[in-house]
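Structure file upload_7.cif with mmCIF, C-alpha atoms:
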```
data_final
#
loop_
_atom_site.label_atom_id
_atom_site.label_comp_id
_atom_site.auth_asym_id
_atom_site.auth_seq_id
_atom_site.Cartn_x
_atom_site.Cartn_y
_atom_site.Cartn_z
CA MET V 1 10.45 -20.26 35.75
CA LEU V 2 10.80 -23.16 38.11
CA GLN V 3 12.99 -26.05 37.17
CA VAL V 4 11.71 -29.53 37.83
CA THR V 5 14.55 -31.21 39.63
CA GLY V 6 14.97 -33.47 42.60
CA LYS V 7 15.32 -30.31 44.62
CA ASN V 8 11.90 -29.12 43.70
CA GLU V 9 10.21 -29.82 46.99
CA ARG V 10 7.08 -27.86 46.09
CA TYR V 11 5.85 -30.45 43.60
CA ARG V 12 7.41 -33.54 45.15
CA ARG V 13 4.11 -35.17 46.10
CA GLN V 14 2.63 -34.85 42.61
CA VAL V 15 5.70 -35.56 40.49
CA ASP V 16 5.26 -39.17 41.58
CA LEU V 17 1.95 -39.06 39.72
CA VAL V 18 2.56 -36.88 36.69
CA GLY V 19 6.27 -37.55 36.24
CA ALA V 20 9.02 -35.04 35.69
CA ASP V 21 7.89 -34.67 32.10
CA GLY V 22 4.35 -33.97 33.22
CA GLN V 23 5.50 -31.41 35.74
CA ALA V 24 7.62 -29.73 33.09
CA ALA V 25 4.56 -29.66 30.82
CA LEU V 26 2.56 -27.95 33.53
CA GLY V 27 5.33 -25.40 33.94
CA ARG V 28 5.30 -24.60 30.23
CA ALA V 29 1.50 -24.39 30.02
CA ARG V 30 -0.36 -21.17 29.25
CA VAL V 31 -3.94 -21.32 30.43
CA VAL V 32 -6.85 -18.92 30.43
CA ILE V 33 -9.21 -18.89 33.39
CA ALA V 34 -12.32 -17.06 32.24
CA GLY V 35 -14.09 -15.74 35.30
CA ALA V 36 -12.68 -15.13 38.76
CA GLY V 37 -15.73 -16.08 40.78
CA GLY V 38 -16.53 -19.32 42.58
CA LEU V 39 -15.41 -21.72 39.87
CA GLY V 40 -12.49 -19.47 38.98
CA SER V 41 -11.31 -19.42 42.58
CA ALA V 42 -11.06 -23.19 42.85
CA ILE V 43 -9.59 -23.55 39.36
CA ALA V 44 -7.01 -20.81 39.84
CA LEU V 45 -5.86 -21.91 43.27
CA TYR V 46 -5.38 -25.53 42.23
CA SER V 47 -3.81 -24.57 38.89
CA ALA V 48 -1.32 -22.26 40.59
CA ALA V 49 -0.59 -24.79 43.32
CA ALA V 50 0.03 -27.48 40.68
CA GLY V 51 2.60 -25.27 38.97
CA ILE V 52 0.82 -24.31 35.76
CA GLY V 53 3.35 -21.84 34.45
CA GLN V 54 1.28 -19.02 32.97
CA ILE V 55 -2.23 -18.17 34.09
CA ARG V 56 -4.28 -15.43 32.43
CA ILE V 57 -7.25 -14.74 34.69
CA ILE V 58 -10.09 -12.65 33.31
CA ASP V 59 -12.96 -10.88 35.07
CA CYS V 60 -14.64 -7.48 34.90
CA ASP V 61 -15.99 -7.22 38.44
CA THR V 62 -14.84 -6.01 41.83
CA VAL V 63 -15.03 -8.08 45.00
CA GLU V 64 -18.33 -7.76 46.88
CA VAL V 65 -19.12 -9.07 50.32
CA SER V 66 -21.76 -11.42 48.86
CA ASN V 67 -19.01 -13.15 46.84
CA LEU V 68 -17.23 -14.41 49.91
CA ASN V 69 -19.37 -17.50 50.57
CA ARG V 70 -17.77 -19.16 47.55
CA GLN V 71 -15.01 -17.06 45.99
CA ILE V 72 -12.14 -18.31 48.10
CA LEU V 73 -9.50 -16.30 46.26
CA TYR V 74 -10.63 -13.27 48.26
CA ARG V 75 -10.54 -12.02 51.82
CA THR V 76 -12.79 -9.52 53.53
CA GLY V 77 -10.14 -6.86 53.05
CA ASP V 78 -10.38 -7.30 49.26
CA ILE V 79 -13.94 -5.92 49.11
CA GLY V 80 -14.03 -3.14 46.53
CA THR V 81 -10.84 -4.30 44.80
CA GLU V 82 -10.79 -5.50 41.20
CA LYS V 83 -11.16 -9.27 41.35
CA VAL V 84 -8.30 -9.99 38.99
CA THR V 85 -5.96 -7.71 40.96
CA ALA V 86 -6.83 -9.41 44.24
CA ALA V 87 -6.66 -12.82 42.57
CA ALA V 88 -3.22 -12.17 41.12
CA LYS V 89 -1.93 -11.09 44.52
CA ASP V 90 -3.29 -14.23 46.17
CA LEU V 91 -2.02 -16.58 43.44
CA ARG V 92 1.46 -15.03 43.43
CA ALA V 93 1.61 -15.43 47.18
CA LEU V 94 0.64 -19.08 46.78
CA ASN V 95 3.19 -19.74 44.06
CA PRO V 96 5.74 -17.03 43.22
CA GLY V 97 7.34 -19.27 40.60
CA ILE V 98 4.55 -18.88 38.05
CA GLU V 99 3.31 -15.98 35.94
CA ILE V 100 -0.10 -14.48 36.58
CA GLU V 101 -1.64 -12.16 34.00
CA PRO V 102 -4.71 -10.39 35.39
CA VAL V 103 -7.06 -9.07 32.68
CA GLN V 104 -9.85 -6.72 33.76
CA THR V 105 -12.39 -6.96 30.96
CA ARG V 106 -15.76 -8.35 29.96
CA ILE V 107 -15.79 -11.40 27.70
CA THR V 108 -17.80 -10.77 24.54
CA ALA V 109 -17.74 -11.93 20.94
CA GLU V 110 -15.50 -8.93 20.26
CA THR V 111 -12.96 -9.59 23.03
CA ALA V 112 -12.96 -13.41 23.08
CA GLU V 113 -10.59 -13.92 20.17
CA SER V 114 -7.74 -11.89 21.62
CA LEU V 115 -8.31 -13.29 25.10
CA VAL V 116 -7.70 -16.90 24.04
CA GLU V 117 -4.79 -16.06 21.76
CA GLY V 118 -1.72 -18.09 22.59
CA ALA V 119 -3.47 -20.24 25.19
CA ASP V 120 -2.94 -23.98 25.48
CA LEU V 121 -6.39 -24.33 27.02
CA VAL V 122 -9.34 -22.34 28.34
CA LEU V 123 -11.11 -22.98 31.62
CA ASP V 124 -14.75 -21.83 31.69
CA ALA V 125 -15.54 -20.25 35.04
CA LEU V 126 -18.17 -17.90 33.66
CA ASP V 127 -21.68 -17.25 34.91
CA ASN V 128 -23.58 -16.72 31.65
CA TYR V 129 -23.97 -18.40 28.29
CA PRO V 130 -23.49 -15.47 25.89
CA ALA V 131 -19.92 -15.14 27.22
CA ARG V 132 -19.47 -18.92 27.29
CA TYR V 133 -20.57 -19.30 23.66
CA ALA V 134 -18.31 -16.44 22.54
CA LEU V 135 -15.30 -17.85 24.35
CA ALA V 136 -15.94 -21.47 23.41
CA HIS V 137 -16.36 -20.52 19.76
CA ALA V 138 -13.13 -18.51 19.75
CA ALA V 139 -11.30 -21.42 21.37
CA TRP V 140 -12.84 -23.95 18.97
CA ASP V 141 -11.80 -21.93 15.93
CA ARG V 142 -8.19 -22.01 17.15
CA GLY V 143 -8.22 -25.69 18.12
CA ILE V 144 -7.91 -24.81 21.81
CA PRO V 145 -9.43 -27.21 24.40
CA TYR V 146 -12.22 -25.73 26.51
CA PHE V 147 -13.06 -27.05 29.96
CA HIS V 148 -16.70 -26.28 30.72
CA GLY V 149 -18.21 -26.03 34.17
CA ALA V 150 -21.36 -24.50 35.66
CA VAL V 151 -23.22 -24.64 38.95
CA HIS V 152 -26.58 -23.93 40.56
CA GLY V 153 -27.33 -24.49 44.21
CA MET V 154 -25.90 -27.88 45.07
CA TYR V 155 -25.84 -29.08 41.46
CA GLY V 156 -23.01 -28.85 38.97
CA GLN V 157 -22.03 -29.92 35.49
CA ALA V 158 -18.70 -30.28 33.71
CA SER V 159 -17.53 -31.36 30.29
CA THR V 160 -14.30 -31.24 28.33
CA ILE V 161 -14.42 -29.96 24.78
CA ILE V 162 -11.59 -30.55 22.32
CA PRO V 163 -12.05 -29.61 18.67
CA GLY V 164 -12.21 -32.74 16.54
CA GLN V 165 -12.62 -35.01 19.55
CA SER V 166 -15.92 -33.89 21.11
CA PRO V 167 -19.08 -31.96 20.35
CA CYS V 168 -18.89 -28.19 20.79
CA LEU V 169 -20.47 -26.28 23.69
CA ARG V 170 -23.56 -25.32 21.67
CA CYS V 171 -24.22 -28.98 20.94
CA ILE V 172 -23.85 -29.88 24.60
CA VAL V 173 -25.99 -26.97 25.79
CA PRO V 174 -28.16 -25.80 22.88
CA SER V 175 -30.83 -24.34 25.15
CA PRO V 176 -29.28 -22.28 27.95
CA PRO V 177 -31.01 -20.69 30.91
CA ALA V 178 -31.25 -16.94 31.29
CA SER V 179 -28.42 -15.14 33.04
CA GLY V 180 -28.87 -13.86 36.54
CA ALA V 181 -27.88 -14.43 40.13
CA THR V 182 -28.46 -18.02 41.16
CA PRO V 183 -28.25 -19.61 44.59
CA ILE V 184 -24.89 -21.31 45.02
CA LEU V 185 -23.38 -23.16 47.93
CA GLY V 186 -19.67 -22.39 47.91
CA VAL V 187 -18.61 -26.01 48.05
CA THR V 188 -20.46 -26.71 44.80
CA THR V 189 -18.08 -24.38 42.94
CA GLY V 190 -15.25 -26.12 44.77
CA VAL V 191 -16.39 -29.53 43.52
CA ILE V 192 -16.92 -28.51 39.91
CA GLY V 193 -13.91 -26.16 39.73
CA SER V 194 -11.75 -28.97 41.08
CA ILE V 195 -13.09 -31.34 38.42
CA GLN V 196 -12.31 -28.78 35.70
CA ALA V 197 -8.79 -28.27 37.05
CA THR V 198 -8.33 -32.04 37.24
CA GLU V 199 -9.32 -32.35 33.59
CA ALA V 200 -6.94 -29.56 32.58
CA ILE V 201 -4.02 -31.09 34.48
CA LYS V 202 -4.74 -34.50 32.94
CA TYR V 203 -4.81 -32.94 29.48
CA LEU V 204 -1.56 -31.06 30.01
CA THR V 205 0.24 -34.06 31.45
CA ASN V 206 -1.32 -36.50 28.97
CA ARG V 207 -2.71 -38.78 31.64
CA GLY V 208 -6.05 -40.42 32.32
CA THR V 209 -9.31 -40.25 30.41
CA LEU V 210 -11.04 -36.94 29.72
CA LEU V 211 -14.72 -36.01 29.83
CA LEU V 212 -14.89 -35.83 26.04
CA GLY V 213 -18.39 -36.12 24.61
CA ARG V 214 -19.65 -36.65 28.12
CA VAL V 215 -21.22 -34.38 30.71
CA LEU V 216 -20.65 -35.00 34.38
CA PHE V 217 -23.61 -34.07 36.56
CA TRP V 218 -22.90 -33.50 40.24
CA ASP V 219 -25.81 -33.73 42.67
CA GLY V 220 -24.66 -32.44 46.02
CA THR V 221 -28.08 -32.98 47.59
CA ARG V 222 -27.69 -36.74 47.09
CA THR V 223 -23.88 -36.82 46.85
CA GLU V 224 -24.14 -38.51 43.48
CA VAL V 225 -22.37 -38.23 40.18
CA GLU V 226 -23.78 -39.36 36.85
CA ILE V 227 -22.07 -39.05 33.51
CA LEU V 228 -24.07 -38.84 30.29
CA SER V 229 -22.64 -39.35 26.83
CA ILE V 230 -23.71 -36.55 24.52
CA GLN V 231 -23.77 -36.52 20.73
CA GLY V 232 -23.70 -33.28 18.79
CA ASP V 233 -25.96 -31.94 16.10
CA PRO V 234 -25.06 -33.90 12.95
CA VAL V 235 -25.36 -30.70 10.95
CA CYS V 236 -23.79 -28.36 13.50
CA PRO V 237 -21.96 -25.65 11.56
CA VAL V 238 -19.26 -25.56 14.23
CA CYS V 239 -18.43 -29.17 15.06
CA GLY V 240 -20.47 -31.27 12.63
CA GLY V 241 -21.76 -33.35 15.51
CA VAL V 242 -18.51 -35.09 16.45
CA SER V 243 -19.32 -37.65 19.14
CA MET J 1 -49.79 -54.39 34.36
CA VAL J 2 -48.80 -51.91 36.98
CA GLU J 3 -45.87 -49.65 36.26
CA GLY J 4 -44.78 -46.65 38.28
CA GLY J 5 -47.94 -46.84 40.38
CA ARG J 6 -50.32 -46.48 37.43
CA GLU J 7 -52.29 -49.19 35.82
CA THR J 8 -51.83 -49.60 32.13
CA ASN J 9 -53.78 -51.74 29.78
CA ARG J 10 -51.87 -52.05 26.56
CA THR J 11 -52.56 -54.11 23.54
CA GLY J 12 -49.89 -54.80 20.99
CA SER J 13 -46.22 -54.10 21.56
CA VAL J 14 -45.14 -52.21 24.62
CA MET J 15 -41.84 -50.37 24.76
CA THR J 16 -39.88 -49.67 27.87
CA VAL J 17 -38.22 -46.29 28.18
CA THR J 18 -35.95 -45.09 30.99
CA VAL J 19 -36.26 -41.44 31.98
CA LYS J 20 -33.50 -39.73 33.94
CA SER J 21 -33.69 -36.27 35.43
CA PHE J 22 -30.89 -33.98 36.49
CA ALA J 23 -30.28 -30.93 38.65
CA THR J 24 -33.38 -29.01 39.73
CA PHE J 25 -35.73 -31.29 37.78
CA ARG J 26 -34.96 -33.84 40.47
CA GLU J 27 -36.81 -31.61 42.91
CA VAL J 28 -40.10 -32.17 41.04
CA MET J 29 -39.78 -35.73 39.74
CA GLU J 30 -38.00 -39.01 40.30
CA MET J 31 -34.34 -39.02 39.29
CA GLN J 32 -34.99 -42.20 37.31
CA ILE J 33 -38.19 -43.91 36.26
CA VAL J 34 -38.87 -46.73 33.81
CA LEU J 35 -42.11 -46.39 31.89
CA PRO J 36 -44.00 -48.47 29.32
CA PHE J 37 -45.29 -46.87 26.14
CA PRO J 38 -47.17 -48.22 23.15
CA GLU J 39 -45.55 -48.34 19.74
CA GLY J 40 -45.67 -44.94 18.08
CA ALA J 41 -45.19 -42.95 21.26
CA THR J 42 -43.15 -39.77 21.05
CA VAL J 43 -41.31 -37.49 23.43
CA ARG J 44 -44.52 -35.48 23.63
CA THR J 45 -46.35 -38.62 24.80
CA LEU J 46 -43.66 -39.21 27.39
CA LEU J 47 -43.79 -35.68 28.77
CA ALA J 48 -47.58 -35.87 29.04
CA ASP J 49 -47.20 -39.07 31.03
CA LEU J 50 -44.56 -37.52 33.29
CA THR J 51 -46.53 -34.34 33.98
CA SER J 52 -49.54 -36.45 34.91
CA ARG J 53 -47.41 -38.29 37.45
CA PHE J 54 -45.51 -35.34 38.89
CA ASP J 55 -47.65 -32.33 39.75
CA ARG J 56 -44.93 -29.69 39.72
CA LEU J 57 -43.18 -30.83 36.57
CA ASP J 58 -45.48 -29.18 34.03
CA GLU J 59 -44.58 -25.64 35.06
CA GLN J 60 -40.90 -26.56 35.01
CA LEU J 61 -41.02 -27.92 31.47
CA PHE J 62 -43.59 -25.85 29.62
CA ALA J 63 -43.90 -22.10 29.03
CA ALA J 64 -47.35 -22.68 27.51
CA PRO J 65 -49.23 -25.84 26.64
CA GLY J 66 -47.10 -27.72 24.12
CA THR J 67 -44.26 -25.19 24.21
CA LEU J 68 -41.14 -26.18 26.11
CA ARG J 69 -39.34 -23.58 28.16
CA ASP J 70 -36.23 -22.35 26.38
CA PHE J 71 -33.79 -23.93 28.80
CA VAL J 72 -35.26 -27.43 28.87
CA ASN J 73 -32.80 -29.86 27.32
CA ILE J 74 -34.03 -33.33 26.43
CA LEU J 75 -31.69 -36.02 25.19
CA LYS J 76 -32.69 -39.23 23.49
CA ASN J 77 -29.83 -41.66 23.94
CA GLY J 78 -27.47 -38.72 24.26
CA ARG J 79 -28.71 -36.65 21.33
CA ASN J 80 -30.72 -33.49 21.95
CA ILE J 81 -34.24 -33.73 20.54
CA ASP J 82 -33.63 -30.28 19.00
CA PHE J 83 -31.35 -32.18 16.58
CA LEU J 84 -33.98 -34.86 15.97
CA ALA J 85 -37.69 -34.16 15.58
CA GLY J 86 -38.26 -32.10 18.71
CA LEU J 87 -41.32 -33.17 20.72
CA GLU J 88 -42.33 -35.43 17.84
CA THR J 89 -39.15 -37.48 18.20
CA SER J 90 -40.24 -41.09 18.27
CA LEU J 91 -39.50 -43.40 21.16
CA GLU J 92 -38.04 -46.83 20.75
CA ASP J 93 -37.76 -49.76 23.10
CA GLY J 94 -34.79 -49.34 25.42
CA ASP J 95 -34.42 -45.60 24.89
CA VAL J 96 -32.91 -43.51 27.65
CA ILE J 97 -34.41 -40.04 27.84
CA ALA J 98 -32.53 -37.46 29.89
CA LEU J 99 -34.12 -34.21 31.06
CA PHE J 100 -31.91 -31.42 32.31
CA PRO J 101 -31.94 -27.69 32.84
CA PRO J 102 -28.39 -26.55 32.05
CA LEU J 103 -26.72 -24.80 34.95
CA ALA J 104 -25.38 -21.31 34.43
CA GLY J 105 -23.70 -20.11 37.60
CA GLY J 106 -20.01 -19.81 38.15
#
```

Take the structure from the file and write it as structure tokens.
Amino acid sequence: MLQVTGKNERYRRQVDLVGADGQAALGRARVVIAGAGGLGSAIALYSAAAGIGQIRIIDCDTVEVSNLNRQILYRTGDIGTEKVTAAAKDLRALNPGIEIEPVQTRITAETAESLVEGADLVLDALDNYPARYALAHAAWDRGIPYFHGAVHGMYGQASTIIPGQSPCLRCIVPSPPASGATPILGVTTGVIGSIQATEAIKYLTNRGTLLLGRVLFWDGTRTEVEILSIQGDPVCPVCGGVS
Amino acid sequence: MVEGGRETNRTGSVMTVTVKSFATFREVMEMQIVLPFPEGATVRTLLADLTSRFDRLDEQLFAAPGTLRDFVNILKNGRNIDFLAGLETSLEDGDVIALFPPLAGG
């Protein structure tokens, strides 16, 4: 594990912002990145670069050529390789001082509980709502913050969910779209994944204001951001409509 | 009175409601529009007004007449109408109605 000292040149430019205590907190952090696609690529690269100490990255797929317009963890030579294996190799090369735990599995209601176990936070880089609901529910039940993100085309959305401090994912998105391949410009996952990673770093270093009870909407076609406050279902069995 | 390019002739109280659209709904309607409604108007009234203004919106919002598509999320001042009275949720002066299709990709 890296020590945060004056000699730690790697993090010198950010320690001015987050402080030595903040950098140490990042180093101690155990995070889950659920999904190693477009969002997961941006989240994982920035999380590893920032020195988040333990990263569990989960995906069930192998790298395909059609992933490469947005999934910047991978190179052409990775085609056919398990995503989490290729991701771990890339992340370790970026930052050998952190621990990467690749987990090749599908996220379901059955697997979600064990996958979030021991995590300080969960980053949602998934591409479907059944998996998101399962993971978010498992995290909520354990009091684990969940950093939601999703994209379509040049549009994106992000919200930060902390049990007791915000509505749950089902209250924010009670009516999800069907799963399936959607058009995505790679930079859109970069924008939203970067926002999610920013939120996670702020949470871990106890700095700034989080997107609690608010959804950020990114419109890349107009280069505009709008943030909406969202209140939960007052009788939600999960969160009770915390606003 | 002319609002949003349509002439209205209201008697009694008129409410003003702001409608905001997000993501792909912006491809078929204005991203923000302020509309007048008479007292007693509901979200259903509002959607009927919007679909009369924006030709391509109806197919985006409704699976069948009067039945919203599953993924259409409508917020009244930040609370989903699913948690209120659905399409019969009443409108009040100054309300902000947000329409968004949640995004799924990752």

Inset, instruction - With a cut-off of 8 Å and counting all atoms listed in the file, select all residues of chain V in contact with chain J and give the selection as a ChimeraX atom specification. - result: /V:35,37-40,125-129,149-152,155-157,171,173-179,181-182,184,189,217-219,228-234

Inset, instruction - Extract, using only C-alpha atoms, all DNA, RNA and protein residues at most 12 Å from V:Tyr203, discarding same-chain residues fewer than 6 positions from it, and format them as a list of chain:residue names. - result: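 Neighbouring residues, sequence-local ones excluded: V:Val18, V:Gly22, V:Ala25, V:Leu26, V:Ala29, V:Val31, V:Asp120, V:Leu121, V:Val122, V:Leu123, V:Ile144, V:Pro145, V:Tyr146, V:Phe147, V:Thr160, V:Ile161, V:Ile162, V:Gln196, V:Ala197, V:Thr209, V:Leu210, V:Leu211, V:Leu212.
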
Legend entry - Expected selection from the PyMOL selection byres ((chain J and resi 95) around 9), given as a PyMOL selection string: chain J and resi 15-19+76-77+91-94+96-97

Take the residues from that selection and put them in a file with C-alpha atoms, as a PDB file, keeping the file's coordinate frame.
```pdb
ATOM      1  CA  MET J  15     -41.840 -50.370  24.760  1.00  0.00           C
ATOM      2  CA  THR J  16     -39.880 -49.670  27.870  1.00  0.00           C
ATOM      3  CA  VAL J  17     -38.220 -46.290  28.180  1.00  0.00           C
ATOM      4  CA  THR J  18     -35.950 -45.090  30.990  1.00  0.00           C
ATOM      5  CA  VAL J  19     -36.260 -41.440  31.980  1.00  0.00           C
ATOM      6  CA  LYS J  76     -32.690 -39.230  23.490  1.00  0.00           C
ATOM      7  CA  ASN J  77     -29.830 -41.660  23.940  1.00  0.00           C
ATOM      8  CA  LEU J  91     -39.500 -43.400  21.160  1.00  0.00           C
ATOM      9  CA  GLU J  92     -38.040 -46.830  20.750  1.00  0.00           C
ATOM     10  CA  ASP J  93     -37.760 -49.760  23.100  1.00  0.00           C
ATOM     11  CA  GLY J  94     -34.790 -49.340  25.420  1.00  0.00           C
ATOM     12  CA  VAL J  96     -32.910 -43.510  27.650  1.00  0.00           C
ATOM     13  CA  ILE J  97     -34.410 -40.040  27.840  1.00  0.00           C
TER      14      ILE J  97
END
```

Inset, instruction - Please write the residues picked by the PyMOL selection byres ((chain J and resi 50-65) around 9) on this file as a PyMOL selection string. - result: chain J and resi 4+6+25+27-30+45-49+66-72

Inset, instruction - Find the residues near V:Cys239: any atom within 10 Å, counting all atoms listed in the file, skip ones fewer than 2 places away on the same chain, and give them as a list of chain:residue names. - result: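 Using all atoms listed in the file, the neighbours found are V:Trp140, V:Asp141, V:Pro163, V:Gly164, V:Gln165, V:Ser166, V:Pro167, V:Cys168, V:Leu169, V:Arg170, V:Cys171, V:Gly232, V:Asp233, V:Pro234, V:Val235, V:Cys236, V:Pro237, V:Gly241, V:Val242, V:Ser243.
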
Legend entry - Selection under test: the PyMOL selection byres ((chain V and resi 86-102) around 8); residues as a ChimeraX atom specification: /V:1-2,27,36,44-45,48-49,51-58,73-74,78,81-85,103-104

Inset, instruction - Go through V:Leu216, V:Ala20, V:Ala112, V:Leu185 and flag the residue nearest V:Arg132, using only C-alpha atoms for the distances. - result: V:Ala112

Legend entry - atom CA of V:Gln71 to atom CA of V:Glu117, straight-line distance in Å: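 So the answer is 26.3 Å.
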
Inset, instruction - For atom CA of V:Thr108 and atom CA of V:Ala134, quote the distance in Å rounded to one decimal. - result: 6.0 Å

Inset, instruction - Would you work out the distance separating atom CA of V:Arg106 from atom CA of V:Thr62, expressed in Å to one decimal? - result: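 Spanning atom CA of V:Arg106 to atom CA of V:Thr62 is a straight-line distance of 12.1 Å.
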
Legend entry - Shortest interatomic distance to V:Val116 - which of V:Thr76, V:His148, V:Val32, V:Val63, counting only C-alpha atoms: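 Answer, going by the shortest atom-to-atom distance: V:Val32.
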
Inset, instruction - Go through V:Ala34, V:Ala158, V:Ala131, V:Ala109 one by one, measure the shortest atom-to-atom distance of each to V:Gly193 using only C-alpha atoms, and give the residue with the smallest value. - result: V:Ala158

Legend entry - Selected residue of minimal separation from V:Arg70 among V:Thr188, V:Asn8, V:Thr105, V:Thr111, counting all atoms listed in the file: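 Counting all atoms listed in the file, the residue closest to V:Arg70 is V:Thr188.
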